[in-house]
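S.K.: Before anything else, here's the structure in question.
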Amino acid sequence: MNDDKTLARSVNDPYLLEAAGVVKRFSGVTVLRDGSLKLRPGTVHALCGGNGAGKSTFLSILMGLLSRDGGKISVRGREVEFSSPAQALDGGIAIITQELSPIRGMTVAENIYLGREPMRMGFVIDYAALNARAGELLTRLGFDISPKANMCDLSLAKVQLVEIAKAISFNSSILIMDEPTSAIGEHETGVLFNAIATLKKKGVGIVYVSHRLSELFQVADEYTVFRDGAFVESGAMADITRERLIELIVGRKVGRSQRPERSGEFPAILKANDYSQGVHFQGISLALREGEILGIYGLMGAGRSEFLNCLYGLTRPDRGDLEVFGRSARIKKPKDAMRRGLSLLTEDRKDSGIVGCRPIRENISLSILRRISRLGFIRSGEIDGEKGIVNAMYQRFDIKASSPELAVQRLSGGNQQKVVLSRCVTTKPKILLCDEPTRGIDEGTKQQIYGFLSEFVKGEHCGAIVVSSELDEILQVSDRILVFRRGKIAGEIKSSEATHAKLTHMAS
Amino acid sequence: MNRLLSFRVLSRYGILIAFAVLCVTLSIMSPYFLTAGNLSNIALQISVNGILAIGMTFVILAAGIDLSVGSVLGMAGIVAASMVAGDTVHSPVVAVAAGVATGAVLGLVNGSIIAWCRVPAFVVTLGMLSAARGFTQIYNDGMPVPGLSDAFIFLGSGRLLGVPVPVWIFASLLLLSWLVLKYTRYGRYVYAVGGNEKSARTSGVPTRAVIASVYVICGACAGLASIIHTARSTTALVDAGTGYELDAIAAVVIGGTSLTGGVGGVLGSLIGVLIIGVINNGLDLLGVESYYQQVIKGAVIVLAVLIDVVSRKEN
């Protein structure tokens, strides 16, 4: 409706959105020194930066959640100051956030047009019109979702697509997408990118935030990098290499390494035989060798996470045997797994990794309280107690937090992951099971975690299994890659022989 | 950071300030309020709700709820009293053991169904609220148990070093539970399970056993509270403890323990118990009719939590 007006104005002004020198302070601490970004109509603009770079603060200011302490923001050449998301929406800025907030008891159409339902006689919702309108929108975007479906019946990926459709339904000329693909699979990502292409043609400008760099190269036209709360560089995506972009984000050179090839025979430290569990996975047989990082690649829903959870004793297999260090192992609960030297870094930090409301210190020591307590009382000392362990982990993982007494939910994703990883290694595991170890984490921390993994497997009789949906990650960290497809192993390939194309082909 | 800290201090002291204001107001309005006799009286009056609130704190910290404590108190009181009345008079130790054990067993039933059968705590303990009251009637054919031994009654009305025995019991239990929650492995497990059960399970915490155990503790506390309650009223009544779960839950919530679990502690609950106790006592002193008392108490409970919610939001 207001699209035509938008286009008319944008001819006069080259930028849809222009932010310059935006500053934000929290109680004296400057978290954003120079937030600057110029968005052209009909382009996708990648906003890059590590955790703590100031991206979230900047986006919060753009959408009116926070007020700015300095700088200028103009929409179509006119300076604006939004004090609520509703105002930002009126001003033509819509956002798709990382946090999903659907109303589960309602249908897809009701969710999309919540509070804007077409009315009959002024007070009765016109469901026919509502469903028709939603159906038309979903079809136009190419999303295969029925407007009458209940939200609670949809998969996480589809819920994310509905949120995207909702943001688009406002017909805003500026769309902010914050990690839109973190919860969706390869297929849905493709569908989303098609929708983005359609929006671009209509002159919509999109600010796109994602930690998945390969995605940025696929979808974005321009980039802007923030580091330590300030603008660093911007330019055309076509003019920059992946390595250079990482360098800009991290602030130093990062060697893109592959693991050196291993020669010789190594004994298996973990052997699963014919592992099966309902619809999740069937007949999985694999061996993890000493000193090896075994990558497991596959699409969402291929049964990878379910398999790891089952190995760790969170669930039980229907059938199958497990051998750990040559001895048959029956793992019924996580404690059994820990006793045999296994440790699991779960897929979803918030859901099953951290205890968010508790301090960092308590999160790190949770798995080894038995070891550091006497007669049930926890020893707190630096030498043989809790403090000592927390300090050691702070150093080992370079956890950045003002105090170990801070609640974990207040940390950035990267630091949260370091806390979970700390807890995993306190039990001195030999076999580390990592499920999406770097999801939603900034580039710098990612590299730290990769570094940790390759150090870890150098330990005596150690090995790791890494599940990941990111091709670059799986290629960088693993020695050998297994591909899961619909609950079965579709193939195995040496990392040195694997390519994006081969893995994608095997997985789909 | 500093701001965050000061908010936390504020939200914690907010309730303390409210308590202080309440005390000052009452001492102005009634000269009797601040006398040693009345303060000792308040301490005595709060000890039953105090002990119930301690057990309830464990349950709520573990992200649960126990609606059955009032009925469990009634049942345990009748069982305990029957040990020290009639033809066979046992030592009060036996009565205490019987009362606490009765509470613990009923708590175990609650906890087992909640932890292993995964029935919501609200439903299970609501069922127990009704069932335990029924058992109490069945146990003694709906008759009260009078004529309790003097040794037993001492537990309710006796004094040691000038302090009422119930206050000693409440204070010791408070200290013990504070130590357990703050310094022991078990305490950590309770917080972890309440904060995020899945994460706790992944970390190797025996989550189901922990969940079941908090209901056992809560039941045992109700059993102990029943001893004091019965000893003070010198007769065990079959409807003793009716509605007590409300004051216990209110005290825990006023004390800042989050109903979603994982945050809070018994010291907060102590403040909550004190606030409720002082309100009851003050309104009595001022001669406010009991119907009005209920209304005022309800309003104060909501107000106290409202302050807490607002301060959290600003945070």
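Chains: A, B, ... in order of the structure tokens. Residues: from 1 per chain. Ligands: from 1, in order shown.
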Each residue of chain A lying at most 10 Å from chain B should get a row with its shortest atom-to-atom pair and the distance in Å to one decimal, counting only C-alpha atoms; could you produce that, ordered by chain and increasing number, as a Markdown table?

M.R.:
```
| residue | atom | partner | partner_atom | distance |
| --- | --- | --- | --- | --- |
| A:Phe26 | CA | B:Arg3 | CA | 9.0 |
| A:Ser27 | CA | B:Arg3 | CA | 6.9 |
| A:Val29 | CA | B:Met1 | CA | 9.4 |
| A:Asn309 | CA | B:Thr202 | CA | 9.3 |
| A:Tyr312 | CA | B:Thr202 | CA | 8.6 |
| A:Gly313 | CA | B:Thr202 | CA | 9.0 |
| A:Leu314 | CA | B:Thr202 | CA | 7.3 |
| A:Lys333 | CA | B:Gly204 | CA | 7.9 |
| A:Pro334 | CA | B:Gly204 | CA | 5.3 |
| A:Lys335 | CA | B:Gly204 | CA | 4.7 |
| A:Asp336 | CA | B:Gly204 | CA | 8.5 |
| A:Ala337 | CA | B:Gly204 | CA | 8.8 |
| A:Met338 | CA | B:Gly204 | CA | 7.5 |
| A:Arg339 | CA | B:Gly204 | CA | 9.7 |
| A:Ser343 | CA | B:Ser203 | CA | 8.8 |
| A:Leu344 | CA | B:Thr202 | CA | 7.5 |
| A:Leu345 | CA | B:Thr202 | CA | 8.7 |
| A:Thr346 | CA | B:Thr202 | CA | 8.2 |
| A:Asp348 | CA | B:Ser199 | CA | 9.8 |
| A:Arg349 | CA | B:Ser199 | CA | 8.5 |
| A:Lys350 | CA | B:Ser199 | CA | 8.4 |
| A:Asp351 | CA | B:Lys198 | CA | 6.9 |
| A:Ser352 | CA | B:Ser199 | CA | 4.1 |
| A:Gly353 | CA | B:Ser199 | CA | 4.8 |
| A:Ile354 | CA | B:Ser199 | CA | 5.8 |
| A:Val355 | CA | B:Asn196 | CA | 5.1 |
| A:Gly356 | CA | B:Gly195 | CA | 6.8 |
| A:Cys357 | CA | B:Gly195 | CA | 6.1 |
| A:Arg358 | CA | B:Gly195 | CA | 7.1 |
| A:Glu362 | CA | B:Arg188 | CA | 7.7 |
| A:Asn363 | CA | B:Ala192 | CA | 8.3 |
| A:Ile364 | CA | B:Ser203 | CA | 9.7 |
| A:Ser365 | CA | B:Ser203 | CA | 9.5 |
| A:Leu366 | CA | B:Ser203 | CA | 6.5 |
| A:Ser367 | CA | B:Ser203 | CA | 5.1 |
| A:Ile368 | CA | B:Ser203 | CA | 8.8 |
| A:Leu369 | CA | B:Arg185 | CA | 6.0 |
| A:Arg370 | CA | B:Arg185 | CA | 7.2 |
| A:Ile372 | CA | B:Arg185 | CA | 9.2 |
| A:Ser373 | CA | B:Arg185 | CA | 7.1 |
| A:Arg374 | CA | B:Thr184 | CA | 9.1 |
| A:Leu375 | CA | B:Thr184 | CA | 8.7 |
| A:Gly376 | CA | B:Thr184 | CA | 5.4 |
| A:Phe377 | CA | B:Thr184 | CA | 4.2 |
| A:Ile378 | CA | B:Thr184 | CA | 5.4 |
| A:Arg379 | CA | B:Tyr183 | CA | 8.4 |
| A:Ser380 | CA | B:Tyr183 | CA | 9.0 |
| A:Ser402 | CA | B:Met1 | CA | 7.9 |
| A:Ser403 | CA | B:Met1 | CA | 9.7 |
| A:Leu406 | CA | B:Met1 | CA | 9.6 |
| A:Val420 | CA | B:Ser203 | CA | 9.5 |
| A:Arg423 | CA | B:Ser203 | CA | 7.8 |
| A:Cys424 | CA | B:Ser203 | CA | 7.8 |
| A:Thr427 | CA | B:Ser203 | CA | 9.7 |
```

S.K.: Would you return as a PyMOL selection string the members of segment 336-388 of chain A that DSSP assigns to helix (DSSP H, G or I) on this structure's backbone?

M.R.: chain A and resi 336-339+349-352+360-368+386-388

S.K.: Could the residues in this selection be saved with C-alpha atoms as a PDB file, in the first residue's frame?

M.R.:
```pdb
ATOM      1  CA  ASP A 336      26.507 -43.611  33.774  1.00  0.00           C
ATOM      2  CA  ALA A 337      27.835 -41.852  30.709  1.00  0.00           C
ATOM      3  CA  MET A 338      29.908 -39.447  32.780  1.00  0.00           C
ATOM      4  CA  ARG A 339      31.354 -42.323  34.780  1.00  0.00           C
ATOM      5  CA  ARG A 349      22.167 -24.032  25.402  1.00  0.00           C
ATOM      6  CA  LYS A 350      19.175 -22.324  26.949  1.00  0.00           C
ATOM      7  CA  ASP A 351      16.978 -25.391  26.977  1.00  0.00           C
ATOM      8  CA  SER A 352      19.381 -27.999  28.288  1.00  0.00           C
ATOM      9  CA  ILE A 360      28.463 -18.891  36.618  1.00  0.00           C
ATOM     10  CA  ARG A 361      30.260 -20.517  39.531  1.00  0.00           C
ATOM     11  CA  GLU A 362      27.374 -22.889  40.300  1.00  0.00           C
ATOM     12  CA  ASN A 363      26.935 -23.777  36.650  1.00  0.00           C
ATOM     13  CA  ILE A 364      30.568 -24.747  36.230  1.00  0.00           C
ATOM     14  CA  SER A 365      30.738 -26.928  39.334  1.00  0.00           C
ATOM     15  CA  LEU A 366      27.345 -28.617  38.959  1.00  0.00           C
ATOM     16  CA  SER A 367      28.666 -31.905  37.556  1.00  0.00           C
ATOM     17  CA  ILE A 368      31.415 -32.468  40.115  1.00  0.00           C
ATOM     18  CA  GLU A 386      34.981 -24.828  43.998  1.00  0.00           C
ATOM     19  CA  LYS A 387      36.900 -21.580  43.615  1.00  0.00           C
ATOM     20  CA  GLY A 388      39.945 -23.420  42.319  1.00  0.00           C
TER      21      GLY A 388
END
```

S.K.: Excluding Val72 of chain B and any residue of its chain fewer than 3 positions from it, enumerate the residues within 8 Å of it, using only C-alpha atoms, and give them as a VMD selection string.

M.R.: chain B and resid 68 to 69 75 to 76 103 106 129 132 to 133 219 222 to 223

S.K.: Contacts of Gly107 of chain B at 8 Å or less, counting only C-alpha atoms, minus same-chain residues fewer than 4 places along, as a short mmCIF file (atom, residue, chain, number, x, y, z; two decimals) with N, CA and C atoms, in the first residue's frame?

M.R.:
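To be explicit, this is the file written out as result.cif:
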```cif
data_model
loop_
_atom_site.label_atom_id
_atom_site.label_comp_id
_atom_site.auth_asym_id
_atom_site.auth_seq_id
_atom_site.Cartn_x
_atom_site.Cartn_y
_atom_site.Cartn_z
N GLY B 103 3.95 -36.96 58.12
CA GLY B 103 4.11 -35.90 57.11
C GLY B 103 5.04 -36.33 56.00
N GLY B 111 5.54 -36.58 46.20
CA GLY B 111 6.78 -36.43 45.44
C GLY B 111 6.97 -37.52 44.41
N TYR B 215 9.37 -32.71 48.34
CA TYR B 215 8.02 -32.91 48.87
C TYR B 215 8.07 -33.68 50.18
N VAL B 216 9.06 -34.58 50.31
CA VAL B 216 9.25 -35.28 51.57
C VAL B 216 9.63 -34.27 52.66
N ILE B 217 10.54 -33.37 52.32
CA ILE B 217 10.95 -32.34 53.29
C ILE B 217 9.75 -31.48 53.68
N CYS B 218 8.97 -31.09 52.67
CA CYS B 218 7.83 -30.23 52.92
C CYS B 218 6.81 -30.94 53.82
N GLY B 219 6.58 -32.24 53.55
CA GLY B 219 5.66 -33.02 54.36
C GLY B 219 6.19 -33.16 55.79
N ALA B 220 7.49 -33.42 55.93
CA ALA B 220 8.08 -33.58 57.25
C ALA B 220 7.96 -32.28 58.04
#
```

S.K.: Could you give me, as a PyMOL selection string, each residue of segment 77-296 of chain B that DSSP assigns to strand (DSSP E) when run on this structure's backbone?

M.R.: chain B and resi 159-160+163-164

S.K.: When you look at segment 57-64 of chain A with a cut-off of 9 Å (counting only C-alpha atoms), what residues show up, excluding the ones that are within fewer than 6 positions of it in the same chain? I need them as a list in words.

M.R.: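 What passes the distance filter is Ala19, Val22, Val23, Lys24, Val31, Leu32, Gly35, Ser36, Ile73, Glu81, Phe82, Ser83, Ser84, Pro85, Ala86, Gln87, Ala88, Leu89, Ile93, Ala94, Ile95, Ile176, Asp178 and Gly229 of chain A.
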
S.K.: Quick one: residues within 7 Å of Met506 of chain A, only C-alpha atoms, excluding same-chain residues fewer than 6 positions away - as a PDB file with C-alpha atoms, in the first residue's frame?

M.R.:
```
ATOM      1  CA  VAL A 483      26.419 -37.991   6.865  1.00  0.00           C
ATOM      2  CA  ALA A 490      24.053 -42.104   4.240  1.00  0.00           C
ATOM      3  CA  GLY A 491      27.782 -42.205   3.843  1.00  0.00           C
TER       4      GLY A 491
END
```

S.K.: Which residue gives the smallest distance to Met128 of chain B among B:Ala151, B:Ile301, B:Val238, B:Leu73, with only C-alpha atoms counted?

M.R.: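 Of B:Ala151, B:Ile301, B:Val238, B:Leu73, the one nearest Met128 of chain B is B:Leu73, counting only C-alpha atoms.
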
S.K.: With only C-alpha atoms as the counted atoms, please give the residues lying no more than 10 Å from segment 37-41 of chain A, apart from itself and same-chain residues fewer than 5 positions off, as a ChimeraX atom specification.

M.R.: /A:6-7,10-11,13-22,46-47,58,73-76,173-174,200-207,221-226,231,233-234

S.K.: Next, dump the selected residues to file, keeping only N, CA and C atoms, as a tab-separated table (two decimals), in the first residue's frame.

M.R.:
```
chain	number	residue	atom	x	y	z
A	6	THR	N	7.00	4.82	-0.95
A	6	THR	CA	8.36	4.49	-0.57
A	6	THR	C	9.31	4.62	-1.74
A	7	LEU	N	8.91	4.01	-2.82
A	7	LEU	CA	9.78	4.00	-4.00
A	7	LEU	C	10.00	5.42	-4.52
A	10	SER	N	12.44	7.19	-2.38
A	10	SER	CA	13.79	6.65	-2.38
A	10	SER	C	14.57	7.04	-3.64
A	11	VAL	N	13.85	7.52	-4.63
A	11	VAL	CA	14.56	7.97	-5.82
A	11	VAL	C	15.35	9.23	-5.49
A	13	ASP	N	16.35	10.16	-2.46
A	13	ASP	CA	17.38	9.88	-1.46
A	13	ASP	C	17.98	8.51	-1.74
A	14	PRO	N	19.30	8.43	-1.79
A	14	PRO	CA	19.90	7.13	-2.11
A	14	PRO	C	19.73	6.11	-0.98
A	15	TYR	N	19.50	6.55	0.23
A	15	TYR	CA	19.43	5.61	1.34
A	15	TYR	C	18.05	5.53	1.97
A	16	LEU	N	17.62	4.32	2.25
A	16	LEU	CA	16.38	4.10	2.98
A	16	LEU	C	16.59	4.46	4.44
A	17	LEU	N	17.71	3.99	4.93
A	17	LEU	CA	18.02	4.14	6.35
A	17	LEU	C	19.46	4.59	6.46
A	18	GLU	N	19.67	5.59	7.26
A	18	GLU	CA	21.03	6.07	7.43
A	18	GLU	C	21.26	6.35	8.91
A	19	ALA	N	22.21	5.61	9.50
A	19	ALA	CA	22.55	5.84	10.90
A	19	ALA	C	24.00	6.26	10.94
A	20	ALA	N	24.29	7.30	11.72
A	20	ALA	CA	25.67	7.77	11.78
A	20	ALA	C	26.05	8.11	13.21
A	21	GLY	N	27.14	7.53	13.66
A	21	GLY	CA	27.71	7.86	14.97
A	21	GLY	C	26.78	7.65	16.14
A	22	VAL	N	25.96	6.61	16.07
A	22	VAL	CA	25.03	6.36	17.17
A	22	VAL	C	25.78	5.88	18.42
A	46	ALA	N	24.37	-6.91	5.10
A	46	ALA	CA	24.79	-7.77	6.20
A	46	ALA	C	25.43	-6.92	7.29
A	47	LEU	N	24.92	-7.06	8.52
A	47	LEU	CA	25.54	-6.38	9.65
A	47	LEU	C	26.33	-7.44	10.42
A	58	PHE	N	22.64	-1.70	18.80
A	58	PHE	CA	22.33	-0.88	17.64
A	58	PHE	C	20.94	-1.20	17.09
A	73	ILE	N	19.85	9.14	13.27
A	73	ILE	CA	19.23	8.09	12.47
A	73	ILE	C	18.20	8.74	11.56
A	74	SER	N	18.32	8.49	10.27
A	74	SER	CA	17.34	9.03	9.34
A	74	SER	C	16.70	7.89	8.56
A	75	VAL	N	15.39	8.02	8.37
A	75	VAL	CA	14.68	7.10	7.49
A	75	VAL	C	14.22	7.90	6.28
A	76	ARG	N	14.64	7.48	5.12
A	76	ARG	CA	14.34	8.21	3.87
A	76	ARG	C	14.67	9.69	4.00
A	173	SER	N	9.15	-0.89	4.58
A	173	SER	CA	10.18	-0.74	3.54
A	173	SER	C	11.55	-1.14	4.07
A	174	ILE	N	11.64	-1.21	5.41
A	174	ILE	CA	12.91	-1.63	6.01
A	174	ILE	C	12.63	-2.84	6.89
A	200	LYS	N	13.34	-7.81	-2.34
A	200	LYS	CA	14.33	-6.89	-2.92
A	200	LYS	C	13.78	-6.23	-4.18
A	201	LYS	N	13.13	-7.05	-5.00
A	201	LYS	CA	12.58	-6.53	-6.26
A	201	LYS	C	11.56	-5.43	-5.98
A	202	LYS	N	10.87	-5.52	-4.84
A	202	LYS	CA	9.88	-4.50	-4.51
A	202	LYS	C	10.50	-3.26	-3.87
A	203	GLY	N	11.82	-3.27	-3.74
A	203	GLY	CA	12.49	-2.09	-3.20
A	203	GLY	C	12.69	-2.09	-1.70
A	204	VAL	N	12.38	-3.22	-1.06
A	204	VAL	CA	12.57	-3.30	0.38
A	204	VAL	C	14.06	-3.42	0.70
A	205	GLY	N	14.49	-2.73	1.74
A	205	GLY	CA	15.87	-2.86	2.19
A	205	GLY	C	15.92	-3.75	3.42
A	206	ILE	N	16.88	-4.68	3.43
A	206	ILE	CA	16.93	-5.64	4.53
A	206	ILE	C	18.27	-5.56	5.25
A	207	VAL	N	18.21	-5.38	6.56
A	207	VAL	CA	19.43	-5.49	7.37
A	207	VAL	C	19.47	-6.92	7.89
A	221	ASP	N	24.15	-8.12	-0.34
A	221	ASP	CA	24.77	-7.30	-1.38
A	221	ASP	C	25.88	-6.43	-0.81
A	222	GLU	N	25.64	-5.95	0.42
A	222	GLU	CA	26.61	-5.08	1.05
A	222	GLU	C	26.85	-5.54	2.47
A	223	TYR	N	27.94	-5.05	3.05
A	223	TYR	CA	28.21	-5.43	4.43
A	223	TYR	C	28.65	-4.21	5.23
A	224	THR	N	28.40	-4.29	6.53
A	224	THR	CA	28.96	-3.32	7.47
A	224	THR	C	29.46	-4.13	8.65
A	225	VAL	N	30.69	-3.83	9.08
A	225	VAL	CA	31.25	-4.57	10.21
A	225	VAL	C	31.37	-3.65	11.42
A	226	PHE	N	30.90	-4.13	12.57
A	226	PHE	CA	31.10	-3.46	13.85
A	226	PHE	C	32.12	-4.26	14.65
A	231	PHE	N	31.79	1.25	14.27
A	231	PHE	CA	31.83	0.94	12.85
A	231	PHE	C	33.28	0.70	12.43
A	233	GLU	N	34.09	-1.01	8.92
A	233	GLU	CA	34.22	-0.93	7.48
A	233	GLU	C	32.90	-1.32	6.83
A	234	SER	N	32.65	-0.78	5.65
A	234	SER	CA	31.53	-1.30	4.88
A	234	SER	C	31.91	-1.33	3.41
```

S.K.: Take atom CA of Gln258 of chain A and atom CA of Arg480 of chain A and report the distance between them in Å, one decimal.

M.R.: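 Distance reported for this atom pair: 11.5 Å.
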
S.K.: How many Å separate atom CA of Trp178 of chain B from atom CA of Ile60 of chain B?

M.R.: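 So the two atoms, atom CA of Trp178 of chain B and atom CA of Ile60 of chain B, lie 14.8 Å apart.
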
S.K.: Please indicate the distance in Å from atom CA of Leu66 of chain A to atom CA of Gly92 of chain A, rounded to one decimal place.

M.R.: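 A separation of 17.3 Å between them.
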
S.K.: From the options A:Lys430, A:Lys488, A:Arg439, A:His187, which residue's atoms come nearest to Gln282 of chain A, counting only C-alpha atoms?

M.R.: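 Of the candidates, the smallest distance to Gln282 of chain A is held by A:Lys488.
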